[in-house]
$ cat upload.txt   # compact mmCIF, C-alpha atoms
# COMPACT_ATOMS: atom_id res chain seq x y z
CA MET S 42 -30.16 -54.94 91.38
CA LYS S 43 -33.37 -53.68 92.99
CA ASN S 44 -34.63 -54.96 96.31
CA GLU S 45 -38.15 -54.25 97.55
CA THR S 46 -38.02 -54.03 101.32
CA GLN S 47 -41.47 -52.64 102.20
CA HIS S 48 -44.83 -52.56 100.45
CA LEU S 49 -47.93 -50.50 100.77
CA LYS S 50 -51.23 -51.07 99.00
CA ILE S 51 -53.46 -48.08 99.55
CA ARG S 52 -57.19 -48.20 98.98
CA LEU S 53 -59.14 -45.02 98.67
CA ALA S 54 -62.30 -46.18 100.42
CA ASP S 55 -62.21 -43.41 103.00
CA LEU S 56 -61.76 -40.49 100.64
CA PRO S 57 -64.39 -37.84 101.30
CA PRO S 58 -67.17 -37.46 98.70
CA PRO S 59 -67.00 -34.35 96.51
CA ASP S 60 -68.70 -31.17 97.75
CA ARG S 61 -70.02 -30.45 94.28
CA TRP S 62 -71.15 -33.69 92.73
CA PRO S 63 -71.11 -33.66 88.92
CA GLN S 64 -74.43 -34.83 87.53
CA GLY S 65 -74.99 -37.86 85.36
CA GLU S 66 -74.73 -41.64 85.39
CA TRP S 67 -71.17 -41.61 84.07
CA TRP S 68 -70.02 -39.48 86.98
CA SER S 69 -71.82 -41.62 89.55
CA TRP S 70 -70.04 -44.66 88.16
CA GLN S 71 -66.73 -42.79 88.04
CA ILE S 72 -66.94 -41.63 91.66
CA LYS S 73 -67.93 -45.10 92.87
CA ARG S 74 -65.06 -46.63 90.91
CA ALA S 75 -62.59 -44.13 92.34
CA SER S 76 -63.51 -45.23 95.85
CA GLU S 77 -62.54 -48.80 94.92
CA ASP S 78 -59.19 -47.98 93.32
CA THR S 79 -55.94 -49.16 94.89
CA PHE S 80 -52.33 -48.04 94.53
CA THR S 81 -49.47 -50.40 95.28
CA PHE S 82 -46.09 -48.99 96.25
CA ALA S 83 -42.78 -50.64 97.08
CA PHE S 84 -39.85 -49.18 98.92
CA VAL S 85 -37.13 -50.03 96.43
CA GLU S 86 -33.47 -50.04 97.39
CA GLU S 87 -30.88 -49.81 94.64
CA SER S 88 -27.18 -49.03 95.02
CA GLY S 89 -27.71 -48.11 98.65
CA VAL S 90 -30.47 -45.62 97.91
CA GLY S 91 -34.11 -46.32 98.68
CA ARG S 92 -37.36 -44.65 97.73
CA TRP S 93 -41.05 -45.40 97.46
CA MET S 94 -42.12 -46.22 93.90
CA MET S 95 -45.55 -47.01 92.53
CA LEU S 96 -45.77 -50.52 91.10
CA ASP S 97 -49.41 -50.83 90.24
CA THR S 98 -52.79 -49.14 90.26
CA THR S 99 -56.26 -50.27 89.34
CA ILE S 100 -56.76 -47.06 87.34
CA ARG S 101 -56.98 -48.30 83.78
CA PHE S 102 -53.91 -48.31 81.55
CA ARG S 103 -51.81 -46.41 84.11
CA SER S 104 -49.39 -49.03 85.39
CA GLU S 105 -49.10 -51.65 82.66
CA GLU S 106 -45.74 -50.40 81.42
CA GLN S 107 -43.94 -50.25 84.77
CA LEU S 108 -45.40 -53.58 85.91
CA PHE S 109 -45.54 -55.71 82.74
CA GLY S 110 -43.42 -53.82 80.18
CA PHE S 111 -41.42 -56.00 77.76
CA LYS S 112 -38.05 -56.71 79.37
CA LYS S 113 -38.29 -53.64 81.58
CA GLY S 114 -41.30 -53.98 83.88
CA ALA S 115 -41.06 -55.03 87.52
CA VAL S 116 -42.47 -58.52 86.81
CA TYR S 117 -39.79 -59.23 84.22
CA GLN S 118 -37.10 -57.84 86.51
CA ALA S 119 -38.30 -60.21 89.24
CA GLU S 120 -38.34 -63.13 86.79
CA ILE S 121 -34.70 -62.66 85.80
CA GLY S 122 -33.52 -61.86 89.33
CA GLU S 123 -32.80 -58.17 88.79
CA ARG S 124 -35.49 -57.35 91.36
CA THR S 125 -35.89 -59.19 94.64
CA VAL S 126 -38.43 -59.01 97.45
CA LYS S 127 -36.75 -58.72 100.83
CA GLY S 128 -33.68 -60.28 99.25
CA MET S 129 -35.59 -63.23 97.83
CA LYS S 130 -35.83 -64.06 94.12
CA LEU S 131 -39.38 -64.75 92.94
CA SER S 132 -40.64 -66.06 89.60
CA ALA S 133 -43.00 -63.82 87.65
CA GLU S 134 -45.99 -65.75 88.94
CA LYS S 135 -44.84 -65.68 92.58
CA TYR S 136 -44.09 -61.98 92.33
CA LEU S 137 -47.62 -61.30 91.05
CA ASP S 138 -49.04 -63.54 93.79
CA HIS S 139 -47.10 -61.48 96.28
CA LEU S 140 -48.58 -58.22 94.98
CA ASP S 141 -52.09 -59.70 94.88
CA ASN S 142 -51.80 -60.84 98.49
CA LEU S 143 -50.61 -57.56 99.95
CA PRO S 144 -53.11 -56.36 102.53
CA SER S 145 -54.58 -52.98 101.67
CA GLN S 146 -54.83 -50.02 103.99
CA LYS S 147 -57.05 -46.98 103.81
CA LEU S 148 -55.27 -43.80 102.78
CA GLY S 149 -56.25 -42.18 106.07
CA GLU S 150 -54.52 -44.96 108.02
CA VAL S 151 -51.05 -44.49 106.57
CA PRO S 152 -48.63 -41.69 107.46
CA PHE S 153 -48.21 -40.61 103.87
CA VAL S 154 -49.71 -38.08 101.52
CA LEU S 155 -50.48 -39.42 98.05
CA HIS S 156 -49.15 -36.78 95.69
CA ALA S 157 -49.83 -36.74 91.95
CA LYS S 158 -47.70 -35.17 89.24
CA VAL S 159 -49.47 -35.13 85.88
CA THR S 160 -47.73 -34.25 82.62
CA VAL S 161 -50.03 -33.04 79.84
CA SER S 162 -49.11 -31.98 76.31
CA ARG S 163 -50.39 -28.78 74.71
CA GLN S 164 -52.59 -30.81 72.36
CA THR S 165 -54.57 -32.30 75.24
CA ALA S 166 -54.30 -29.36 77.65
CA HIS S 167 -58.08 -28.87 77.57
CA THR S 168 -58.45 -32.11 79.58
CA ILE S 169 -56.79 -30.36 82.52
CA HIS S 170 -59.79 -28.13 82.90
CA ASN S 171 -62.87 -29.99 81.71
CA ALA S 172 -64.20 -33.52 81.15
CA HIS S 173 -67.69 -34.70 80.27
CA GLY S 174 -69.14 -31.26 80.98
CA HIS S 175 -67.51 -30.94 84.40
CA ASP S 176 -65.03 -28.17 85.22
CA TRP S 177 -62.23 -29.48 87.43
CA ASP S 178 -61.44 -27.52 90.57
CA HIS S 179 -57.70 -26.79 90.57
CA SER S 180 -57.75 -24.33 93.47
CA GLN S 181 -55.52 -26.73 95.45
CA SER S 182 -53.34 -27.69 92.46
CA THR S 183 -50.11 -26.28 91.14
CA ILE S 184 -50.09 -25.87 87.36
CA VAL S 185 -46.77 -25.08 85.72
CA GLU S 186 -46.34 -24.38 82.01
CA THR S 187 -43.36 -26.11 80.40
CA GLU S 188 -41.84 -26.10 76.94
CA ASP S 189 -44.00 -29.06 75.88
CA GLY S 190 -47.18 -28.49 77.86
CA PHE S 191 -48.18 -28.41 81.50
CA ILE S 192 -47.41 -30.13 84.77
CA VAL S 193 -50.25 -30.35 87.27
CA GLU S 194 -49.48 -31.34 90.86
CA PHE S 195 -51.87 -31.98 93.73
CA ASP S 196 -52.45 -34.19 96.76
CA ILE S 197 -55.11 -36.85 96.35
CA ASP S 198 -57.62 -35.99 99.03
CA GLY S 199 -60.92 -36.79 97.40
CA ALA S 200 -62.63 -39.04 94.87
CA LEU S 201 -62.78 -36.28 92.25
CA LYS S 202 -58.98 -36.10 92.23
CA VAL S 203 -58.88 -39.77 91.30
CA ALA S 204 -61.56 -39.22 88.67
CA PHE S 205 -59.37 -36.47 87.24
CA LEU S 206 -56.41 -38.86 87.01
CA ASP S 207 -58.62 -41.35 85.22
CA SER S 208 -59.83 -38.87 82.62
CA VAL S 209 -56.95 -36.48 81.96
CA ILE S 210 -55.03 -37.29 78.77
CA GLY S 211 -51.41 -37.38 79.83
CA SER S 212 -49.02 -39.38 81.96
CA PHE S 213 -48.72 -39.25 85.70
CA GLU S 214 -46.53 -40.39 88.52
CA LEU S 215 -47.66 -40.79 92.08
CA GLN S 216 -45.42 -40.16 95.05
CA LEU S 217 -45.75 -41.06 98.70
CA LEU S 218 -44.77 -38.03 100.73
CA PRO S 219 -44.23 -38.84 104.40
CA LYS S 220 -46.18 -37.14 107.11
CA GLU S 221 -44.28 -36.67 110.38
CA ALA S 222 -45.27 -40.05 111.81
CA ALA S 223 -43.79 -42.00 108.90
CA SER S 224 -40.51 -42.80 110.61
CA SER S 225 -42.17 -45.00 113.23
CA TRP S 226 -44.64 -46.61 110.85
CA GLU S 227 -44.45 -50.34 110.11
CA PRO S 228 -46.26 -51.76 107.10
CA PRO S 229 -48.41 -54.88 107.64
CA SER S 230 -46.72 -58.17 106.71
CA PRO S 231 -47.52 -59.31 103.19
CA VAL S 232 -48.85 -62.83 102.71
CA LEU S 233 -47.35 -65.17 100.12
CA ALA S 234 -49.28 -68.34 99.33
CA GLY S 235 -50.66 -68.47 102.83
CA GLU S 236 -47.37 -67.83 104.58
CA THR S 237 -45.64 -64.66 105.63
CA ILE S 238 -42.91 -63.81 103.19
CA GLU S 239 -40.35 -63.64 106.00
CA LEU S 240 -40.44 -67.42 106.18
CA PHE S 241 -38.84 -67.56 102.74
CA ALA S 242 -36.27 -64.84 103.25
CA MET Z 76 -64.70 -53.54 72.14
CA SER Z 77 -63.49 -56.95 71.02
CA SER Z 78 -61.25 -59.29 72.96
CA HIS Z 79 -58.75 -61.88 71.81
CA ILE Z 80 -59.65 -65.49 72.52
CA ILE Z 81 -56.88 -68.09 72.47
CA TYR Z 82 -57.88 -71.70 71.85
CA GLN Z 83 -54.59 -73.59 71.53
CA LEU Z 84 -50.89 -72.97 72.10
CA GLN Z 85 -47.91 -74.73 70.58
CA VAL Z 86 -44.26 -73.75 70.82
CA VAL Z 87 -41.99 -74.83 67.94
CA ARG Z 88 -38.22 -75.02 68.22
CA LEU Z 89 -36.36 -73.99 65.07
CA PRO Z 90 -32.79 -75.25 65.45
CA ALA Z 91 -29.82 -73.03 64.77
CA VAL Z 92 -28.25 -74.82 61.82
CA SER Z 93 -24.90 -73.06 61.88
CA GLY Z 94 -23.02 -70.32 63.65
CA PRO Z 95 -23.21 -69.18 67.25
CA SER Z 96 -26.96 -68.46 67.24
CA GLN Z 97 -29.28 -70.09 69.73
CA ASP Z 98 -32.29 -72.19 68.73
CA LEU Z 99 -35.37 -70.10 68.06
CA PHE Z 100 -38.61 -70.79 69.91
CA ALA Z 101 -41.75 -69.79 67.96
CA LEU Z 102 -45.00 -69.21 69.83
CA CYS Z 103 -47.86 -70.47 67.65
CA LEU Z 104 -51.46 -70.16 68.67
CA GLN Z 105 -54.95 -70.70 67.39
CA SER Z 106 -56.96 -67.61 68.24
CA GLY Z 107 -59.62 -65.21 67.05
CA SER Z 108 -61.58 -62.10 67.86
CA SER Z 109 -64.53 -62.29 70.23
CA ASN Z 110 -66.81 -60.46 67.79
CA SER Z 111 -65.91 -62.19 64.53
CA TYR Z 112 -68.00 -65.20 63.49
CA GLU Z 113 -67.94 -67.85 60.76
CA GLY Z 114 -70.77 -70.10 59.59
CA SER Z 115 -74.43 -69.32 60.12
CA GLY Z 116 -77.40 -70.39 62.19
CA ALA Z 117 -76.73 -73.28 64.53
CA ASN Z 118 -73.31 -73.78 62.93
CA ALA Z 119 -72.09 -70.25 63.65
CA ARG Z 120 -69.07 -69.96 65.90
CA ARG Z 121 -66.34 -67.47 66.57
CA SER Z 122 -63.79 -67.51 63.76
CA ARG Z 123 -60.29 -68.60 64.62
CA SER Z 124 -57.03 -69.36 62.90
CA TRP Z 125 -53.46 -70.42 63.61
CA GLY Z 126 -50.57 -68.00 63.50
CA MET Z 127 -47.07 -67.43 64.85
CA ILE Z 128 -47.11 -64.35 67.06
CA TYR Z 129 -43.61 -64.16 68.49
CA ALA Z 130 -40.28 -65.96 68.41
CA GLY Z 131 -37.00 -65.71 70.25
CA THR Z 132 -35.19 -67.62 72.95
CA ALA Z 133 -37.27 -69.47 75.53
CA GLU Z 134 -36.56 -66.57 77.90
CA ASP Z 135 -37.80 -64.13 75.27
CA LEU Z 136 -41.10 -66.01 75.10
CA VAL Z 137 -41.54 -65.71 78.86
CA ALA Z 138 -40.78 -61.98 78.59
CA TYR Z 139 -43.39 -61.72 75.82
CA ALA Z 140 -45.91 -63.60 77.97
CA ILE Z 141 -45.29 -61.15 80.84
CA ASP Z 142 -45.84 -58.21 78.49
CA TRP Z 143 -49.04 -59.81 77.17
CA ALA Z 144 -50.21 -60.45 80.76
CA SER Z 145 -51.34 -56.82 81.01
CA TYR Z 146 -53.96 -57.55 78.32
CA VAL Z 147 -55.00 -60.69 80.16
CA ARG Z 148 -55.55 -58.67 83.31
CA GLY Z 149 -57.33 -55.90 81.44
CA GLY Z 150 -59.86 -58.29 79.87
CA GLY Z 151 -58.30 -58.13 76.41
CA THR Z 152 -57.36 -61.81 76.22
CA TYR Z 153 -59.37 -64.88 77.18
CA TRP Z 154 -58.69 -68.61 77.14
CA THR Z 155 -60.99 -70.77 74.93
CA SER Z 156 -64.18 -68.81 75.70
CA MET Z 157 -65.42 -65.34 76.59
CA GLY Z 158 -66.70 -64.33 80.00
CA ARG Z 159 -65.96 -65.73 83.39
CA SER Z 160 -65.18 -69.25 82.15
CA GLY Z 161 -62.46 -67.93 79.85
CA SER Z 162 -60.94 -65.34 82.14
CA MET Z 163 -57.54 -66.08 83.61
CA THR Z 164 -55.05 -64.35 85.83
CA PRO Z 165 -51.74 -63.03 84.49
CA GLN Z 166 -50.09 -65.77 86.53
CA GLN Z 167 -52.16 -68.49 84.82
CA TRP Z 168 -51.29 -67.06 81.42
CA ILE Z 169 -47.56 -66.99 82.11
CA ARG Z 170 -47.81 -70.56 83.43
CA LYS Z 171 -49.52 -71.66 80.19
CA ILE Z 172 -46.62 -70.28 78.17
CA ARG Z 173 -44.10 -72.04 80.42
CA THR Z 174 -46.00 -75.31 79.92
CA ALA Z 175 -46.08 -74.76 76.15
CA ILE Z 176 -42.30 -74.18 76.18
CA ALA Z 177 -41.83 -77.39 78.17
CA ASN Z 178 -43.94 -79.25 75.58
CA VAL Z 179 -42.04 -77.80 72.63
CA VAL Z 180 -41.94 -79.70 69.33
CA SER Z 181 -38.76 -79.42 67.26
CA VAL Z 182 -38.17 -79.05 63.55
CA ASP Z 183 -35.63 -81.55 62.29
CA ALA Z 184 -32.48 -79.66 61.26
CA ASP Z 185 -32.43 -81.62 57.98
CA TYR Z 186 -35.65 -79.91 56.89
CA MET Z 187 -34.63 -76.31 57.57
CA ASP Z 188 -33.86 -75.69 53.89
CA GLY Z 189 -37.39 -76.50 52.80
CA ILE Z 190 -40.08 -73.87 52.27
CA SER Z 191 -42.61 -75.81 54.33
CA VAL Z 192 -42.20 -78.18 57.23
CA SER Z 193 -44.43 -80.41 59.31
CA VAL Z 194 -43.67 -80.28 63.02
CA GLY Z 195 -45.78 -81.90 65.73
CA PRO Z 196 -49.42 -81.08 64.93
CA LEU Z 197 -48.50 -78.04 62.79
CA ILE Z 198 -47.35 -77.20 59.28
CA ILE Z 199 -45.37 -73.95 58.99
CA ARG Z 200 -44.21 -71.94 55.99
CA GLY Z 201 -43.56 -68.34 55.01
CA LYS Z 202 -46.46 -65.92 54.65
CA ASP Z 203 -47.08 -63.15 52.11
CA GLN Z 204 -43.73 -61.45 51.40
CA TYR Z 205 -41.95 -64.36 53.15
CA GLU Z 206 -43.78 -67.04 51.15
CA ARG Z 207 -40.86 -68.24 49.01
CA LYS Z 208 -38.30 -68.21 51.80
CA THR Z 209 -36.86 -71.39 53.32
CA ILE Z 210 -37.41 -72.07 57.01
CA ASN Z 211 -33.78 -71.09 57.58
CA GLN Z 212 -34.40 -67.76 55.85
CA LEU Z 213 -37.52 -67.26 57.95
CA VAL Z 214 -35.41 -67.74 61.05
CA ASP Z 215 -33.02 -65.03 59.83
CA SER Z 216 -35.95 -62.68 59.16
CA ILE Z 217 -37.39 -63.35 62.61
CA ARG Z 218 -34.06 -62.63 64.30
CA ALA Z 219 -33.80 -59.35 62.37
CA LEU Z 220 -37.36 -58.36 63.34
CA GLY Z 221 -36.67 -59.19 66.97
CA GLN Z 222 -33.65 -56.89 66.98
CA GLU Z 223 -35.38 -54.14 65.04
CA LYS Z 224 -38.60 -54.10 67.07
CA PRO Z 225 -38.13 -55.97 70.36
CA GLY Z 226 -41.36 -57.25 71.82
CA GLU Z 227 -43.45 -56.47 68.74
CA PRO Z 228 -45.77 -59.18 67.36
CA MET Z 229 -44.57 -61.13 64.31
CA TRP Z 230 -47.86 -62.33 62.84
CA GLN Z 231 -46.71 -61.36 59.35
CA VAL Z 232 -43.88 -63.90 58.96
CA MET Z 233 -45.31 -67.42 59.16
CA ARG Z 234 -48.37 -69.19 57.89
CA VAL Z 235 -49.35 -71.89 60.37
CA SER Z 236 -51.81 -74.72 59.82
CA GLY Z 237 -52.94 -76.94 62.65
CA PRO Z 238 -55.77 -78.93 64.18
CA ASP Z 239 -59.05 -77.16 64.74
CA LYS Z 240 -60.62 -76.77 68.14
$ encode --input "upload.txt" --output "structure tokens"
Amino acid sequence: MKNETQHLKIRLADLPPPDRWPQGEWWSWQIKRASEDTFTFAFVEESGVGRWMMLDTTIRFRSEEQLFGFKKGAVYQAEIGERTVKGMKLSAEKYLDHLDNLPSQKLGEVPFVLHAKVTVSRQTAHTIHNAHGHDWDHSQSTIVETEDGFIVEFDIDGALKVAFLDSVIGSFELQLLPKEAASSWEPPSPVLAGETIELFA
Amino acid sequence: MSSHIIYQLQVVRLPAVSGPSQDLFALCLQSGSSNSYEGSGANARRSRSWGMIYAGTAEDLVAYAIDWASYVRGGGTYWTSMGRSGSMTPQQWIRKIRTAIANVVSVDADYMDGISVSVGPLIIRGKDQYERKTINQLVDSIRALGQEKPGEPMWQVMRVSGPDK
């Protein structure tokens, strides 16, 4: 049984623009899109252990499996009661309403670092370094070679990092790493069908 | 890139004739691709046909609808028309499947040994390699497919005829 006790929807609107702006219409669109992306996390408690887990992102094709996956995604788990929200069982539709209605916060406003861990196979390793004529800057990244390929890790601190996530061919997981102030931080109350969810708990 | 447009939904209950098995719920729909047309000139319209895409318990159909909801959200599936008028939320899509399950039509158990059966507005029978199988045998094939490849579409099993829209 999983219970989501806190939620955080991060929007990237305040990410600084890139120093070196790749040229071309595609890149302009990509950078603009990155500034509109959101990432939804839940603090999930299971068997007495809790951790922040990403539920959803607006980056294409990156969260469908964990959210909607056949008999394994979070929506299905909510539907059958294996996943609750603050102890409350929600139908699939109500659970999605709940996620839709979460208020978003700018990345700079939350006491967390958004950390990306990207797994790339050898066959697509070239996408780590270049896309659409642009050479990615990995001076702040950690790149580790593994038996199957490479793992690239970095903090998301700019729109180009999001554009990299959108274009690299591989899988990724995002983690919320607390800054020092995280212990005293309170997430904003989510809204469910016009009411605060606490009313239903 | 083409999208999938769904025009009509109908859930059919196929009763378990013997043994401990549960009744099977088959999700039938009339649908077509957004970029495939039939007819010409003023009579041209997007082509569409009936088919059975998935079957299982009623709960399985809801699980399938949830899985499919990612395509609804991503713009891969529309309802009756393309564009804004046909777009729907994942929640609306799941609700449509629940409504279709509530409005299920049932095959009479006495007709399960036939190779074709009329049920509600539809006529169902085996398709291609399943063409000579009885409805009961189709049910067995569907159960086997569901166990072998959970969550995978089952377009290949049943031929479905129904009203046009």
$ residues_around --input "upload.txt" --residues "Gln204 in chain Z" --least-positions-apart "3" --cutoff "12 Å" --atoms "only C-alpha atoms" --output "PyMOL selection string"
chain Z and resi 200-201+207-208+213+216+231-234
$ closest_residue --input "upload.txt" --among "S:Leu218, S:Val161, S:Met129, S:Ala75" --to "Met42 in chain S" --atoms "all atoms listed in the file"
S:Met129
$ residues_near_point --input "upload.txt" --point "(-43.9, -74.1, 73.0)" --cutoff "10 Å" --atoms "all atoms listed in the file" --output "list in words"
Leu84, Gln85, Val86, Val87, Arg88, Phe100, Ala101, Leu102, Cys103, Leu104, Ala133, Leu136, Lys171, Ile172, Arg173, Thr174, Ala175, Ile176, Ala177, Asn178, Val179, Val180 and Ser181 of chain Z
$ closest_atom_pairs --input "upload.txt" --of "chain S" --to "chain Z" --cutoff "7 Å" --atoms "all atoms listed in the file" --output "Markdown table"
| residue | atom | partner | partner_atom | distance |
| --- | --- | --- | --- | --- |
| S:Glu105 | CA | Z:Ser145 | CA | 5.9 |
| S:Phe109 | CA | Z:Asp142 | CA | 4.9 |
| S:Gly110 | CA | Z:Asp142 | CA | 5.3 |
| S:Phe111 | CA | Z:Asp142 | CA | 5.0 |
| S:Lys112 | CA | Z:Ala138 | CA | 6.0 |
| S:Tyr117 | CA | Z:Ala138 | CA | 6.3 |
| S:Glu134 | CA | Z:Gln166 | CA | 4.8 |
| S:Leu137 | CA | Z:Gln166 | CA | 6.8 |
$ atom_distance --input "upload.txt" --atom1 "CA of Ser160 in chain Z" --atom2 "CA of Tyr129 in chain Z"
26.0 Å
$ residues_around --input "upload.txt" --residues "Pro228 in chain Z" --least-positions-apart "5" --cutoff "9 Å" --atoms "all atoms listed in the file" --output "mmCIF file with C-alpha atoms, in the frame of the given file"
data_model
loop_
_atom_site.group_PDB
_atom_site.id
_atom_site.type_symbol
_atom_site.label_atom_id
_atom_site.label_comp_id
_atom_site.auth_asym_id
_atom_site.auth_seq_id
_atom_site.Cartn_x
_atom_site.Cartn_y
_atom_site.Cartn_z
ATOM 1 C CA MET Z 127 -47.070 -67.430 64.850
ATOM 2 C CA ILE Z 128 -47.110 -64.350 67.060
ATOM 3 C CA TYR Z 129 -43.610 -64.160 68.490
ATOM 4 C CA ALA Z 130 -40.280 -65.960 68.410
#
$ atom_distance --input "upload.txt" --atom1 "CA of Glu77 in chain S" --atom2 "CA of Thr46 in chain S"
25.9 Å
